[in-house]
Amino acid sequence: VGQVYNNGFEENNEIVISHFRTKQDVSISCNSCFVGGILGYVSKTSRSHISISHGKSSGSIHTTGKGARLSAVGGQVGSAQENSDMVFTMVNTTNDCVISSSFVDVSGGIFGLYSNSKVIINGATFEFINCSNSGSILVDAASTVGGIVGYLFNFKKLHFDGCENSGIINGSGLSSACTLGGLVGSLSNGMNIVQSPVVAVLNNRNTGNISSVCSTTNVGGLVGSVFESINMDVII
């Protein structure tokens with residue numbers, strides 16, 4: 001699926017993707033692109049529940065961005081944006097798709113990027129249960145990378161349970177800043193008002209090697225960075 005876009009006209013939708021197998025060999029060059037093995041881009045699906053479960057993705061995705069506009073890639077989901085009250089659930093999915101990118105802002109083994117421009121956040125809940133990535137993630141130039149999730153910005157709740165990354169994560173932007181995490185690259189709420197934000201990272205592990213020759217690097221075995229997050233409870 002290239003794009004799911006609702007523009008907020010319909011609420012309380014349920015989108016279910018289950019028992020899938022994908023194998024892709026994708027190579028793309030773009031000014032701004034959101035690339036995923038099963039779902040590229042989700043936008044303005046307010047108060048909807050998106051459920052993805054029991055599936056596997058394999059193959060390869062190579063993305064070259066122009067560096068001027070936002071781009072993101074995920075082994076299964078590329079990006080979800082401007083979905084302030086959505087619930088996004090991924091359960092029992094695996095990825096061994098190799099991801100390589102140049103001048104792409106965010107990469108994730110399962111899920112790439114979530115971002116939301118609203119100042120007051122009442123919803124936006126993400127659950128990743130028993131998800132695993134064994135595919136290598138190789139990035140060139142400044143990037144935020146996570147073995148399961150790349151970057152979440154402006155969300156209320158995030159729950160990881162039983163997830164594992166065994167894929168290699170490598171950042172190679174010699175004059176660039178990289179943030180690399182075995183489970184998730186970066187979490188932030190941008191100093192915005194979020195009602196009781198909670199992050200729970202339970203029963204997860206990373207066995208993949210993380211390496212970088214970026215000029216500035218934030219690295220975490222599970223989480224690369226947490227920043228600008230007012231009153232956020234983080235449970236690990």
# chains A, B, ... in the order shown; residues from 1 in each chain; ligands from 1
>>> residues_around(residues="Ser136 (chain A)", least_positions_apart="4", cutoff="8 Å", atoms="only C-alpha atoms", output="list in words")
Asp96, Cys97, Val98, Ile99, Ser100, Gly167, Ile168 and Ile169 of chain A
>>> write_last_selection(atoms="C-alpha atoms", output="mmCIF file, in the first residue's frame")
data_model
loop_
_atom_site.group_PDB
_atom_site.id
_atom_site.type_symbol
_atom_site.label_atom_id
_atom_site.label_comp_id
_atom_site.auth_asym_id
_atom_site.auth_seq_id
_atom_site.Cartn_x
_atom_site.Cartn_y
_atom_site.Cartn_z
ATOM 1 C CA ASP A 96 14.769 -9.411 7.420
ATOM 2 C CA CYS A 97 14.706 -6.877 4.596
ATOM 3 C CA VAL A 98 18.069 -5.092 4.220
ATOM 4 C CA ILE A 99 17.670 -1.305 4.400
ATOM 5 C CA SER A 100 20.326 0.977 2.944
ATOM 6 C CA GLY A 167 20.319 -6.822 12.571
ATOM 7 C CA ILE A 168 23.474 -4.770 12.105
ATOM 8 C CA ILE A 169 23.029 -0.996 12.446
#
>>> residues_around(residues="Ile137 (chain A)", least_positions_apart="2", cutoff="12 Å", atoms="only C-alpha atoms", output="VMD selection string")
chain A and resid 60 to 63 73 to 75 95 to 102 104 106 to 110 112 133 to 135 139 to 140 143 to 150 165 to 172 180 to 182 185 208 to 212
>>> write_last_selection(atoms="C-alpha atoms", output="PDB file, in the first residue's frame")
ATOM      1  CA  SER A  60      15.969  -5.064   0.148  1.00  0.00           C
ATOM      2  CA  ILE A  61      15.109  -1.360   0.138  1.00  0.00           C
ATOM      3  CA  HIS A  62      17.635   1.217  -1.049  1.00  0.00           C
ATOM      4  CA  THR A  63      16.622   4.870  -0.801  1.00  0.00           C
ATOM      5  CA  VAL A  73      12.003   4.299   5.392  1.00  0.00           C
ATOM      6  CA  GLY A  74      10.835   1.271   7.366  1.00  0.00           C
ATOM      7  CA  GLY A  75      11.093  -2.434   6.686  1.00  0.00           C
ATOM      8  CA  ASN A  95      11.561  -8.168   8.998  1.00  0.00           C
ATOM      9  CA  ASP A  96      14.769  -9.411   7.420  1.00  0.00           C
ATOM     10  CA  CYS A  97      14.706  -6.877   4.596  1.00  0.00           C
ATOM     11  CA  VAL A  98      18.069  -5.092   4.220  1.00  0.00           C
ATOM     12  CA  ILE A  99      17.670  -1.305   4.400  1.00  0.00           C
ATOM     13  CA  SER A 100      20.326   0.977   2.944  1.00  0.00           C
ATOM     14  CA  SER A 101      19.917   4.712   2.584  1.00  0.00           C
ATOM     15  CA  SER A 102      21.732   7.923   1.736  1.00  0.00           C
ATOM     16  CA  VAL A 104      17.373   9.829   4.412  1.00  0.00           C
ATOM     17  CA  VAL A 106      14.888   8.295   9.521  1.00  0.00           C
ATOM     18  CA  SER A 107      15.171   4.514   9.137  1.00  0.00           C
ATOM     19  CA  GLY A 108      13.589   1.709  11.179  1.00  0.00           C
ATOM     20  CA  GLY A 109      13.684  -2.058  10.842  1.00  0.00           C
ATOM     21  CA  ILE A 110       9.908  -2.319  11.311  1.00  0.00           C
ATOM     22  CA  GLY A 112      10.288   4.428  10.248  1.00  0.00           C
ATOM     23  CA  ASN A 133      14.179  -7.340  12.864  1.00  0.00           C
ATOM     24  CA  SER A 134      17.195  -9.253  11.544  1.00  0.00           C
ATOM     25  CA  GLY A 135      17.840  -7.124   8.462  1.00  0.00           C
ATOM     26  CA  VAL A 139      22.833   4.646   6.522  1.00  0.00           C
ATOM     27  CA  ASP A 140      25.022   7.309   4.980  1.00  0.00           C
ATOM     28  CA  SER A 143      20.125   9.993  10.174  1.00  0.00           C
ATOM     29  CA  THR A 144      18.092   8.616  13.084  1.00  0.00           C
ATOM     30  CA  VAL A 145      17.947   4.827  13.095  1.00  0.00           C
ATOM     31  CA  GLY A 146      16.280   2.160  15.241  1.00  0.00           C
ATOM     32  CA  GLY A 147      16.292  -1.617  14.928  1.00  0.00           C
ATOM     33  CA  ILE A 148      12.488  -1.666  15.359  1.00  0.00           C
ATOM     34  CA  VAL A 149      11.396   2.012  15.217  1.00  0.00           C
ATOM     35  CA  GLY A 150      13.317   4.978  13.842  1.00  0.00           C
ATOM     36  CA  ASN A 165      16.695  -6.638  16.919  1.00  0.00           C
ATOM     37  CA  SER A 166      19.536  -8.826  15.705  1.00  0.00           C
ATOM     38  CA  GLY A 167      20.319  -6.822  12.571  1.00  0.00           C
ATOM     39  CA  ILE A 168      23.474  -4.770  12.105  1.00  0.00           C
ATOM     40  CA  ILE A 169      23.029  -0.996  12.446  1.00  0.00           C
ATOM     41  CA  ASN A 170      25.729   1.154  10.869  1.00  0.00           C
ATOM     42  CA  GLY A 171      25.998   4.919  10.463  1.00  0.00           C
ATOM     43  CA  SER A 172      28.682   6.190   8.114  1.00  0.00           C
ATOM     44  CA  LEU A 180      21.303   4.980  16.635  1.00  0.00           C
ATOM     45  CA  GLY A 181      19.294   2.665  18.906  1.00  0.00           C
ATOM     46  CA  GLY A 182      18.986  -1.104  18.961  1.00  0.00           C
ATOM     47  CA  GLY A 185      16.426   5.614  17.479  1.00  0.00           C
ATOM     48  CA  GLY A 208      22.769  -6.643  16.679  1.00  0.00           C
ATOM     49  CA  ASN A 209      26.073  -4.816  16.377  1.00  0.00           C
ATOM     50  CA  ILE A 210      25.761  -1.001  16.362  1.00  0.00           C
ATOM     51  CA  SER A 211      28.627   0.983  14.838  1.00  0.00           C
ATOM     52  CA  SER A 212      29.186   4.503  13.572  1.00  0.00           C
TER      53      SER A 212
END
>>> atom_distance(atom1="CA of Leu138 (chain A)", atom2="CA of Lys56 (chain A)")
20.0 Å
>>> select_by_dssp(residues="region 71-149 of chain A", states="strand (DSSP E or B)", output="PyMOL selection string")
chain A and resi 72-74+77-81+87-95+98-102+106-108+111-115+120-121+125-129+132-133+137-140+143-146+149
>>> residues_around(residues="region 16-29 of chain A", least_positions_apart="6", cutoff="8 Å", atoms="only C-alpha atoms", output="PyMOL selection string")
chain A and resi 37-38+50-66+97
>>> write_last_selection(atoms="C-alpha atoms", output="compact mmCIF listing (two decimals), in the first residue's frame")
# COMPACT_ATOMS: atom_id res chain seq x y z
CA GLY A 37 7.68 -2.93 2.79
CA ILE A 38 3.89 -3.11 3.24
CA ILE A 50 -4.41 0.56 12.47
CA SER A 51 -3.49 -3.04 13.25
CA ILE A 52 -0.70 -4.96 11.50
CA SER A 53 0.02 -8.51 12.63
CA HIS A 54 1.42 -11.96 11.84
CA GLY A 55 3.57 -11.21 8.83
CA LYS A 56 7.08 -11.18 7.41
CA SER A 57 8.95 -8.87 5.05
CA SER A 58 12.17 -9.67 3.23
CA GLY A 59 14.27 -8.45 0.32
CA SER A 60 15.97 -5.06 0.15
CA ILE A 61 15.11 -1.36 0.14
CA HIS A 62 17.64 1.22 -1.05
CA THR A 63 16.62 4.87 -0.80
CA THR A 64 18.55 7.97 -1.82
CA GLY A 65 17.13 11.29 -0.65
CA LYS A 66 18.10 14.77 -1.82
CA CYS A 97 14.71 -6.88 4.60
>>> closest_residue(among="A:Ala142, A:Cys178, A:Phe227, A:Cys131", to="Asn203 (chain A)", atoms="only C-alpha atoms")
A:Cys131
>>> atom_distance(atom1="CA of Phe155 (chain A)", atom2="CA of Gly123 (chain A)")
7.0 Å
>>> residues_around(residues="Ala124 (chain A)", least_positions_apart="3", cutoff="10 Å", atoms="only C-alpha atoms", output="VMD selection string")
chain A and resid 46 to 48 82 to 88 114 to 116 121 154 to 158 194 197
>>> write_last_selection(atoms="C-alpha atoms", output="CSV table (one decimal), in the first residue's frame")
chain,number,residue,atom,x,y,z
A,46,SER,CA,-7.5,10.7,13.3
A,47,ARG,CA,-9.2,8.5,15.9
A,48,SER,CA,-8.5,5.4,13.8
A,82,GLU,CA,-0.6,14.2,11.5
A,83,ASN,CA,-2.6,11.4,13.2
A,84,SER,CA,-3.1,13.0,16.6
A,85,ASP,CA,-5.5,10.5,18.2
A,86,MET,CA,-4.7,7.3,16.3
A,87,VAL,CA,-3.9,3.9,17.8
A,88,PHE,CA,-1.2,2.0,15.9
A,114,TYR,CA,5.9,9.1,13.3
A,115,SER,CA,5.5,12.9,13.6
A,116,ASN,CA,2.7,15.3,14.5
A,121,ILE,CA,-1.6,15.9,22.1
A,154,ASN,CA,4.7,14.0,19.6
A,155,PHE,CA,2.9,10.9,20.9
A,156,LYS,CA,1.2,10.0,24.1
A,157,LYS,CA,1.9,6.3,24.7
A,158,LEU,CA,4.5,3.9,23.5
A,194,VAL,CA,1.1,15.9,26.1
A,197,PRO,CA,3.1,10.6,28.2
>>> closest_residue(among="A:Asn189, A:Ser132, A:Thr217, A:Ser117", to="Met90 (chain A)", atoms="only C-alpha atoms")
A:Ser132
>>> closest_residue(among="A:Ala141, A:Val42, A:Leu183, A:Ile235", to="Phe128 (chain A)", atoms="only C-alpha atoms")
A:Leu183
>>> closest_residue(among="A:Phe103, A:Gly220, A:Gly190, A:Tyr41", to="Val77 (chain A)", atoms="only C-alpha atoms")
A:Tyr41
>>> atom_distance(atom1="CA of Val219 (chain A)", atom2="CA of Phe160 (chain A)")
18.6 Å
>>> residues_around(residues="Ser225 (chain A)", least_positions_apart="6", cutoff="7 Å", atoms="only C-alpha atoms", output="ChimeraX atom specification")
/A:185-187,218
>>> closest_residue(among="A:Ala80, A:Ala72, A:Ile15, A:Val201", to="Ser43 (chain A)", atoms="only C-alpha atoms")
A:Ala80
